[in-house]
Amino acid sequence: MLLLYVIIGGFMVPVPVIGNNQQAARSIFFHLPMWMAMYTLLTISVVNSIWYLATNDLKKDVRASSAGSVGVLFGVMGFLTGMLWATYTWGGTIVNDPKQMTTAIALAIYMAYLVLRMSFTDIDKRARVSAIYNVFAFALLIPLTYIIPRTVDSLHPGSASSPGFSDKDTAGTIKMVLWPAFIGFTLLGIWIYTLRNRYKRLALKNILHG
Amino acid sequence: MVNRISFSIFTALMLLVTAVFGQENAETVQQAATQQNTETGPVNEFFRSNSKIYVAVGILVIIFSCITIYLVRLDRKISRLEKEK
């Protein structure tokens, strides 16, 4: 329901005209929640990885891998939507934008996490090594995607040289749709994560003992 | 088997959507005399028409198809698991 409201509201509310965005500014309602969902899922992933290292419970490792996988899905969606948006506002699919570059690096790190997991045959070794890798990946994700882009000049709003969208949102209509969008897409992500988690637990039933 | 069918239906739908978009394209190209057309070509002009609203539409299409592809793959894996038992 929340997502329905976002999709309908996202196309109906008045948005301020910023730069050459025109009506494409409405993409913010779908592009930004991808990242919020990704951050949430990857946080779930890293918490479970640390939890696994503390307890050696393989169920935690299964959770970490499912959350990581769905997190990467949302990251890829965020990146693809950003690419389309950039094509028609910045004049290039992949431009020299620091946030885009660092996000690509962060996503590559997380894809390597998923590939790393597949390369092990021993399940305990896989769990331990990938849990440690996951902690490092998360420690890189936050500065790469959140801190560094804010300190340098970027084409993205909210960097050192460009103002954020919120300053221009005089009627507060963006916020009215954006916050439900964050919650809605994050919940959708968590739901897909539980589906994948249940599947993985079924697949490894013999090892996990139910 | 059901998966295969649903997947092919999905693909066919996507193809249909592209075809419909293509049709619309030809009509909107004439109207789309936007100021900032730096590149030409029907696709570019289509996305820049109507104040770039189709960029937002395209983004929704990307999100929808990514989630669907992911879920279809998960569905297939579950079916494989069911068959093993």
# chains A, B, ... in the order shown; residues from 1 in each chain; ligands from 1
call {"tool": "interface_residues", "arguments": {"of": "chain A", "to": "chain B", "cutoff": "10 Å", "atoms": "only C-alpha atoms", "output": "PyMOL selection string"}}
result
chain A and resi 7+10-11+20-31+34+70+73-74+76-78+80-89+91+188-189+192+195-196+198-200+202-203
call {"tool": "write_last_selection", "arguments": {"atoms": "C-alpha atoms", "output": "PDB file, in the first residue's frame"}}
result
ATOM      1  CA  ILE A   7       4.184   5.363  -7.157  1.00  0.00           C
ATOM      2  CA  GLY A  10       5.447  10.297  -6.964  1.00  0.00           C
ATOM      3  CA  PHE A  11       3.924  11.245 -10.274  1.00  0.00           C
ATOM      4  CA  ASN A  20      17.742  20.787 -16.164  1.00  0.00           C
ATOM      5  CA  ASN A  21      15.965  18.043 -14.254  1.00  0.00           C
ATOM      6  CA  GLN A  22      12.447  19.138 -15.161  1.00  0.00           C
ATOM      7  CA  GLN A  23       9.984  16.360 -14.423  1.00  0.00           C
ATOM      8  CA  ALA A  24      12.782  13.805 -14.171  1.00  0.00           C
ATOM      9  CA  ALA A  25      13.231  15.130 -10.630  1.00  0.00           C
ATOM     10  CA  ARG A  26      10.451  12.719  -9.731  1.00  0.00           C
ATOM     11  CA  SER A  27      12.989   9.923 -10.108  1.00  0.00           C
ATOM     12  CA  ILE A  28      14.218  10.880  -6.636  1.00  0.00           C
ATOM     13  CA  PHE A  29      11.239   9.012  -5.174  1.00  0.00           C
ATOM     14  CA  PHE A  30      12.535   5.757  -6.638  1.00  0.00           C
ATOM     15  CA  HIS A  31      16.284   6.278  -6.903  1.00  0.00           C
ATOM     16  CA  MET A  34      17.055   1.993  -3.374  1.00  0.00           C
ATOM     17  CA  VAL A  70      19.411  -8.677  -1.643  1.00  0.00           C
ATOM     18  CA  LEU A  73      20.280  -6.311  -5.805  1.00  0.00           C
ATOM     19  CA  PHE A  74      19.083  -2.968  -4.463  1.00  0.00           C
ATOM     20  CA  VAL A  76      22.518  -2.555  -8.630  1.00  0.00           C
ATOM     21  CA  MET A  77      18.999  -1.175  -9.101  1.00  0.00           C
ATOM     22  CA  GLY A  78      20.056   2.117  -7.564  1.00  0.00           C
ATOM     23  CA  LEU A  80      21.052   1.411 -12.994  1.00  0.00           C
ATOM     24  CA  THR A  81      18.369   3.981 -12.207  1.00  0.00           C
ATOM     25  CA  GLY A  82      21.102   6.527 -11.526  1.00  0.00           C
ATOM     26  CA  MET A  83      22.671   5.730 -14.884  1.00  0.00           C
ATOM     27  CA  LEU A  84      19.417   6.358 -16.724  1.00  0.00           C
ATOM     28  CA  TRP A  85      18.809   9.559 -14.812  1.00  0.00           C
ATOM     29  CA  ALA A  86      22.345  10.781 -15.454  1.00  0.00           C
ATOM     30  CA  THR A  87      22.003  10.142 -19.173  1.00  0.00           C
ATOM     31  CA  TYR A  88      19.249  12.735 -19.446  1.00  0.00           C
ATOM     32  CA  THR A  89      20.438  15.311 -16.924  1.00  0.00           C
ATOM     33  CA  GLY A  91      24.670  14.140 -20.436  1.00  0.00           C
ATOM     34  CA  LEU A 188      10.066  -4.698   0.398  1.00  0.00           C
ATOM     35  CA  GLY A 189      13.789  -5.404   0.595  1.00  0.00           C
ATOM     36  CA  ILE A 192      12.679 -10.422  -0.199  1.00  0.00           C
ATOM     37  CA  LEU A 195      12.215 -15.163   1.417  1.00  0.00           C
ATOM     38  CA  ARG A 196      15.779 -15.824   0.387  1.00  0.00           C
ATOM     39  CA  ARG A 198      13.986 -19.198   4.224  1.00  0.00           C
ATOM     40  CA  TYR A 199      15.059 -20.777   0.942  1.00  0.00           C
ATOM     41  CA  LYS A 200      18.690 -20.993   2.037  1.00  0.00           C
ATOM     42  CA  LEU A 202      15.670 -25.128   3.601  1.00  0.00           C
ATOM     43  CA  ALA A 203      18.513 -25.893   1.232  1.00  0.00           C
TER      44      ALA A 203
END
call {"tool": "atom_distance", "arguments": {"atom1": "CA of Ile142 (chain A)", "atom2": "CA of Asn96 (chain A)"}}
result
20.2 Å
call {"tool": "atom_distance", "arguments": {"atom1": "CA of Lys59 (chain A)", "atom2": "CA of Lys205 (chain A)"}}
result
10.2 Å
call {"tool": "residues_around", "arguments": {"residues": "region 99-103 of chain A", "least_positions_apart": "4", "cutoff": "12 Å", "atoms": "only C-alpha atoms", "output": "compact mmCIF listing (two decimals) with all heavy atoms, in the first residue's frame"}}
result
# COMPACT_ATOMS: atom_id res chain seq x y z
N TRP A 35 18.86 3.15 -2.27
CA TRP A 35 20.07 3.22 -1.44
C TRP A 35 19.73 3.01 0.02
O TRP A 35 20.48 2.36 0.74
CB TRP A 35 20.79 4.55 -1.66
CG TRP A 35 21.15 4.73 -3.09
CD1 TRP A 35 20.63 5.64 -3.96
CD2 TRP A 35 22.08 3.94 -3.84
NE1 TRP A 35 21.19 5.45 -5.20
CE2 TRP A 35 22.07 4.43 -5.15
CE3 TRP A 35 22.91 2.86 -3.53
CZ2 TRP A 35 22.86 3.88 -6.15
CZ3 TRP A 35 23.69 2.32 -4.52
CH2 TRP A 35 23.66 2.82 -5.83
N MET A 38 19.30 -0.55 0.46
CA MET A 38 20.60 -1.21 0.40
C MET A 38 21.35 -1.05 1.71
O MET A 38 21.88 -2.02 2.26
CB MET A 38 21.43 -0.65 -0.75
CG MET A 38 22.74 -1.37 -0.94
SD MET A 38 23.91 -0.49 -2.00
CE MET A 38 24.52 0.74 -0.87
N VAL A 72 22.84 -6.22 -2.50
CA VAL A 72 23.49 -5.96 -3.79
C VAL A 72 22.46 -5.75 -4.88
O VAL A 72 22.63 -4.88 -5.75
CB VAL A 72 24.47 -7.11 -4.15
CG1 VAL A 72 24.93 -7.03 -5.58
CG2 VAL A 72 25.67 -7.07 -3.22
N GLY A 75 21.41 -2.31 -4.57
CA GLY A 75 22.50 -1.45 -5.00
C GLY A 75 22.59 -1.36 -6.51
O GLY A 75 22.72 -0.28 -7.09
N VAL A 76 22.45 -2.53 -7.17
CA VAL A 76 22.52 -2.55 -8.63
C VAL A 76 21.35 -1.77 -9.22
O VAL A 76 21.51 -0.99 -10.16
CB VAL A 76 22.53 -4.01 -9.14
CG1 VAL A 76 22.29 -4.06 -10.64
CG2 VAL A 76 23.85 -4.67 -8.80
N GLY A 78 19.76 0.70 -7.78
CA GLY A 78 20.06 2.12 -7.56
C GLY A 78 21.03 2.64 -8.59
O GLY A 78 20.88 3.74 -9.12
N PHE A 79 22.03 1.82 -8.90
CA PHE A 79 23.05 2.24 -9.85
C PHE A 79 22.46 2.37 -11.26
O PHE A 79 22.72 3.34 -11.96
CB PHE A 79 24.20 1.24 -9.84
CG PHE A 79 25.46 1.77 -10.45
CD1 PHE A 79 26.23 2.68 -9.76
CD2 PHE A 79 25.86 1.36 -11.71
CE1 PHE A 79 27.38 3.18 -10.31
CE2 PHE A 79 27.02 1.87 -12.27
CZ PHE A 79 27.78 2.77 -11.58
N LEU A 80 21.65 1.38 -11.65
CA LEU A 80 21.05 1.41 -12.99
C LEU A 80 20.11 2.61 -13.15
O LEU A 80 20.14 3.31 -14.17
CB LEU A 80 20.28 0.11 -13.27
CG LEU A 80 21.12 -1.14 -13.54
CD1 LEU A 80 20.22 -2.35 -13.71
CD2 LEU A 80 21.96 -0.96 -14.80
N THR A 81 19.28 2.85 -12.11
CA THR A 81 18.37 3.98 -12.21
C THR A 81 19.16 5.28 -12.27
O THR A 81 18.81 6.20 -13.01
CB THR A 81 17.41 4.01 -11.01
OG1 THR A 81 18.16 4.02 -9.81
CG2 THR A 81 16.47 2.85 -11.00
N GLY A 82 20.26 5.34 -11.49
CA GLY A 82 21.10 6.53 -11.53
C GLY A 82 21.70 6.74 -12.90
O GLY A 82 21.80 7.86 -13.39
N MET A 83 22.07 5.62 -13.56
CA MET A 83 22.67 5.73 -14.88
C MET A 83 21.69 6.32 -15.88
O MET A 83 22.04 7.18 -16.69
CB MET A 83 23.12 4.34 -15.36
CG MET A 83 24.54 4.00 -14.97
SD MET A 83 24.89 2.25 -15.07
CE MET A 83 24.64 1.92 -16.79
N TRP A 85 19.07 8.17 -15.18
CA TRP A 85 18.81 9.56 -14.81
C TRP A 85 19.96 10.46 -15.28
O TRP A 85 19.74 11.54 -15.82
CB TRP A 85 18.65 9.65 -13.29
CG TRP A 85 17.96 10.86 -12.80
CD1 TRP A 85 17.53 11.92 -13.53
CD2 TRP A 85 17.62 11.15 -11.44
NE1 TRP A 85 16.94 12.84 -12.71
CE2 TRP A 85 16.98 12.39 -11.43
CE3 TRP A 85 17.80 10.46 -10.23
CZ2 TRP A 85 16.53 12.97 -10.25
CZ3 TRP A 85 17.35 11.04 -9.07
CH2 TRP A 85 16.71 12.29 -9.08
N ALA A 86 21.18 9.99 -15.08
CA ALA A 86 22.34 10.78 -15.45
C ALA A 86 22.40 11.01 -16.95
O ALA A 86 22.81 12.08 -17.41
CB ALA A 86 23.62 10.08 -14.99
N GLY A 92 25.54 11.98 -19.72
CA GLY A 92 26.37 10.80 -19.90
C GLY A 92 25.94 9.72 -18.94
O GLY A 92 25.53 10.03 -17.83
N THR A 93 26.03 8.46 -19.39
CA THR A 93 25.56 7.37 -18.53
C THR A 93 26.49 7.19 -17.33
O THR A 93 26.06 7.12 -16.20
CB THR A 93 25.48 6.08 -19.35
OG1 THR A 93 24.74 6.36 -20.53
CG2 THR A 93 24.80 4.98 -18.57
N ILE A 94 27.78 7.12 -17.60
CA ILE A 94 28.77 7.07 -16.52
C ILE A 94 29.60 8.33 -16.67
O ILE A 94 30.33 8.48 -17.65
CB ILE A 94 29.66 5.83 -16.63
CG1 ILE A 94 28.83 4.56 -16.72
CG2 ILE A 94 30.67 5.80 -15.50
CD1 ILE A 94 28.69 3.78 -15.47
N VAL A 95 29.44 9.27 -15.75
CA VAL A 95 30.19 10.51 -15.87
C VAL A 95 31.25 10.57 -14.78
O VAL A 95 31.36 9.68 -13.95
CB VAL A 95 29.27 11.74 -15.79
CG1 VAL A 95 28.39 11.83 -17.01
CG2 VAL A 95 28.44 11.71 -14.53
N LEU A 107 30.06 -1.31 -4.79
CA LEU A 107 29.25 -2.43 -5.31
C LEU A 107 30.15 -3.57 -5.77
O LEU A 107 29.84 -4.74 -5.54
CB LEU A 107 28.39 -1.94 -6.47
CG LEU A 107 27.04 -1.34 -6.11
CD1 LEU A 107 26.30 -0.93 -7.36
CD2 LEU A 107 26.20 -2.33 -5.33
N ALA A 108 31.29 -3.21 -6.39
CA ALA A 108 32.22 -4.25 -6.84
C ALA A 108 32.74 -5.03 -5.64
O ALA A 108 32.89 -6.25 -5.69
CB ALA A 108 33.36 -3.62 -7.62
N ILE A 109 33.02 -4.31 -4.53
CA ILE A 109 33.49 -4.97 -3.31
C ILE A 109 32.46 -5.97 -2.83
O ILE A 109 32.77 -7.10 -2.47
CB ILE A 109 33.80 -3.92 -2.22
CG1 ILE A 109 35.03 -3.11 -2.60
CG2 ILE A 109 34.02 -4.59 -0.87
CD1 ILE A 109 35.30 -1.94 -1.70
N TYR A 110 31.18 -5.56 -2.85
CA TYR A 110 30.14 -6.46 -2.36
C TYR A 110 29.88 -7.62 -3.32
O TYR A 110 29.53 -8.71 -2.89
CB TYR A 110 28.85 -5.68 -2.06
CG TYR A 110 28.81 -5.31 -0.61
CD1 TYR A 110 29.22 -4.07 -0.17
CD2 TYR A 110 28.43 -6.24 0.34
CE1 TYR A 110 29.25 -3.75 1.17
CE2 TYR A 110 28.44 -5.93 1.68
CZ TYR A 110 28.84 -4.69 2.09
OH TYR A 110 28.86 -4.40 3.41
N LEU A 140 34.24 -0.20 4.44
CA LEU A 140 34.58 0.60 3.27
C LEU A 140 33.35 1.25 2.66
O LEU A 140 33.42 2.34 2.12
CB LEU A 140 35.24 -0.28 2.21
CG LEU A 140 36.74 -0.46 2.35
CD1 LEU A 140 37.21 -1.52 1.37
CD2 LEU A 140 37.45 0.85 2.07
N LEU A 141 32.22 0.56 2.76
CA LEU A 141 30.99 1.04 2.11
C LEU A 141 30.59 2.42 2.61
O LEU A 141 30.28 3.31 1.81
CB LEU A 141 29.86 0.04 2.36
CG LEU A 141 28.45 0.50 1.96
CD1 LEU A 141 28.24 0.29 0.47
CD2 LEU A 141 27.37 -0.21 2.73
N ILE A 142 30.60 2.61 3.93
CA ILE A 142 30.09 3.86 4.48
C ILE A 142 30.94 5.06 4.07
O ILE A 142 30.40 6.02 3.51
CB ILE A 142 29.92 3.74 6.01
CG1 ILE A 142 28.89 2.66 6.34
CG2 ILE A 142 29.51 5.06 6.63
CD1 ILE A 142 27.52 2.86 5.73
N PRO A 143 32.25 5.03 4.26
CA PRO A 143 33.02 6.19 3.77
C PRO A 143 32.95 6.36 2.27
O PRO A 143 32.85 7.48 1.77
CB PRO A 143 34.45 5.91 4.23
CG PRO A 143 34.48 4.53 4.70
CD PRO A 143 33.11 4.10 5.01
N LEU A 144 32.97 5.24 1.52
CA LEU A 144 32.99 5.36 0.06
C LEU A 144 31.71 5.99 -0.47
O LEU A 144 31.74 6.83 -1.37
CB LEU A 144 33.16 3.98 -0.58
CG LEU A 144 34.60 3.50 -0.80
CD1 LEU A 144 34.57 2.10 -1.39
CD2 LEU A 144 35.35 4.42 -1.73
N THR A 145 30.56 5.56 0.05
CA THR A 145 29.32 6.05 -0.56
C THR A 145 28.72 7.22 0.20
O THR A 145 27.88 7.93 -0.35
CB THR A 145 28.26 4.93 -0.61
OG1 THR A 145 28.03 4.48 0.73
CG2 THR A 145 28.71 3.79 -1.45
N TYR A 146 29.12 7.43 1.45
CA TYR A 146 28.42 8.45 2.22
C TYR A 146 29.31 9.63 2.59
O TYR A 146 28.89 10.77 2.52
CB TYR A 146 27.84 7.81 3.49
CG TYR A 146 26.67 8.58 4.03
CD1 TYR A 146 25.42 8.49 3.44
CD2 TYR A 146 26.82 9.43 5.12
CE1 TYR A 146 24.35 9.21 3.92
CE2 TYR A 146 25.76 10.15 5.61
CZ TYR A 146 24.52 10.03 5.01
OH TYR A 146 23.47 10.77 5.48
N ILE A 147 30.55 9.37 2.98
CA ILE A 147 31.37 10.45 3.52
C ILE A 147 32.19 11.14 2.43
O ILE A 147 32.08 12.34 2.24
CB ILE A 147 32.27 9.93 4.66
CG1 ILE A 147 31.38 9.37 5.77
CG2 ILE A 147 33.15 11.04 5.20
CD1 ILE A 147 32.11 8.55 6.79
N ILE A 148 32.96 10.35 1.66
CA ILE A 148 33.84 10.96 0.66
C ILE A 148 33.07 11.82 -0.34
O ILE A 148 33.44 12.96 -0.59
CB ILE A 148 34.69 9.90 -0.06
CG1 ILE A 148 35.66 9.24 0.93
CG2 ILE A 148 35.50 10.51 -1.21
CD1 ILE A 148 36.44 8.08 0.36
N PRO A 149 31.95 11.33 -0.91
CA PRO A 149 31.25 12.15 -1.90
C PRO A 149 30.75 13.49 -1.35
O PRO A 149 30.55 14.43 -2.10
CB PRO A 149 30.06 11.27 -2.31
CG PRO A 149 30.48 9.91 -2.00
CD PRO A 149 31.33 10.00 -0.78
N ARG A 150 30.56 13.56 -0.03
CA ARG A 150 30.08 14.81 0.54
C ARG A 150 31.18 15.84 0.71
O ARG A 150 30.92 17.03 0.88
CB ARG A 150 29.43 14.56 1.90
CG ARG A 150 27.96 14.28 1.72
CD ARG A 150 27.32 13.67 2.90
NE ARG A 150 26.07 13.04 2.49
CZ ARG A 150 24.91 13.68 2.44
NH1 ARG A 150 24.82 14.93 2.81
NH2 ARG A 150 23.83 13.07 2.02
N THR A 151 32.42 15.38 0.72
CA THR A 151 33.50 16.32 0.98
C THR A 151 34.09 16.87 -0.30
O THR A 151 34.85 17.83 -0.27
CB THR A 151 34.62 15.62 1.77
OG1 THR A 151 35.06 14.51 1.00
CG2 THR A 151 34.14 15.14 3.11
N VAL A 152 33.79 16.29 -1.44
CA VAL A 152 34.36 16.78 -2.69
C VAL A 152 33.25 17.30 -3.60
O VAL A 152 32.07 17.06 -3.36
CB VAL A 152 35.15 15.67 -3.43
CG1 VAL A 152 36.39 15.31 -2.66
CG2 VAL A 152 34.28 14.45 -3.65
N ASP A 153 33.65 18.01 -4.64
CA ASP A 153 32.67 18.53 -5.59
C ASP A 153 32.05 17.37 -6.35
O ASP A 153 32.74 16.49 -6.84
CB ASP A 153 33.36 19.46 -6.59
CG ASP A 153 33.73 20.78 -5.92
OD1 ASP A 153 33.24 21.01 -4.80
OD2 ASP A 153 34.51 21.53 -6.50
N SER A 154 30.73 17.43 -6.44
CA SER A 154 30.05 16.34 -7.12
C SER A 154 28.85 16.88 -7.88
O SER A 154 28.32 17.94 -7.56
CB SER A 154 29.59 15.30 -6.10
OG SER A 154 28.65 14.43 -6.67
N LEU A 155 28.43 16.13 -8.87
CA LEU A 155 27.22 16.51 -9.59
C LEU A 155 25.98 16.15 -8.78
O LEU A 155 24.90 16.69 -9.00
CB LEU A 155 27.17 15.79 -10.94
CG LEU A 155 28.12 16.31 -12.01
CD1 LEU A 155 28.27 15.29 -13.11
CD2 LEU A 155 27.60 17.61 -12.59
N HIS A 156 26.15 15.23 -7.85
CA HIS A 156 25.03 14.84 -7.00
C HIS A 156 24.64 15.99 -6.08
O HIS A 156 25.50 16.73 -5.62
CB HIS A 156 25.43 13.65 -6.13
CG HIS A 156 25.09 12.32 -6.72
ND1 HIS A 156 26.00 11.54 -7.36
CD2 HIS A 156 23.93 11.63 -6.75
CE1 HIS A 156 25.42 10.44 -7.77
NE2 HIS A 156 24.16 10.46 -7.42
N PRO A 157 23.36 16.09 -5.76
CA PRO A 157 22.97 17.09 -4.75
C PRO A 157 23.54 16.69 -3.39
O PRO A 157 23.76 15.52 -3.13
CB PRO A 157 21.45 17.00 -4.73
CG PRO A 157 21.07 16.23 -5.92
CD PRO A 157 22.23 15.37 -6.29
N GLY A 158 23.77 17.67 -2.55
CA GLY A 158 24.22 17.38 -1.20
C GLY A 158 25.71 17.14 -1.08
O GLY A 158 26.17 16.54 -0.14
N SER A 159 26.49 17.64 -2.05
CA SER A 159 27.94 17.52 -1.92
C SER A 159 28.51 18.88 -1.54
O SER A 159 27.78 19.82 -1.24
CB SER A 159 28.55 17.03 -3.22
OG SER A 159 28.47 18.04 -4.18
N ALA A 160 29.84 18.98 -1.55
CA ALA A 160 30.48 20.21 -1.10
C ALA A 160 30.03 21.43 -1.90
O ALA A 160 29.85 22.52 -1.36
CB ALA A 160 31.99 20.06 -1.18
call {"tool": "atom_distance", "arguments": {"atom1": "CA of Leu4 (chain A)", "atom2": "CA of Pro180 (chain A)"}}
result
10.1 Å
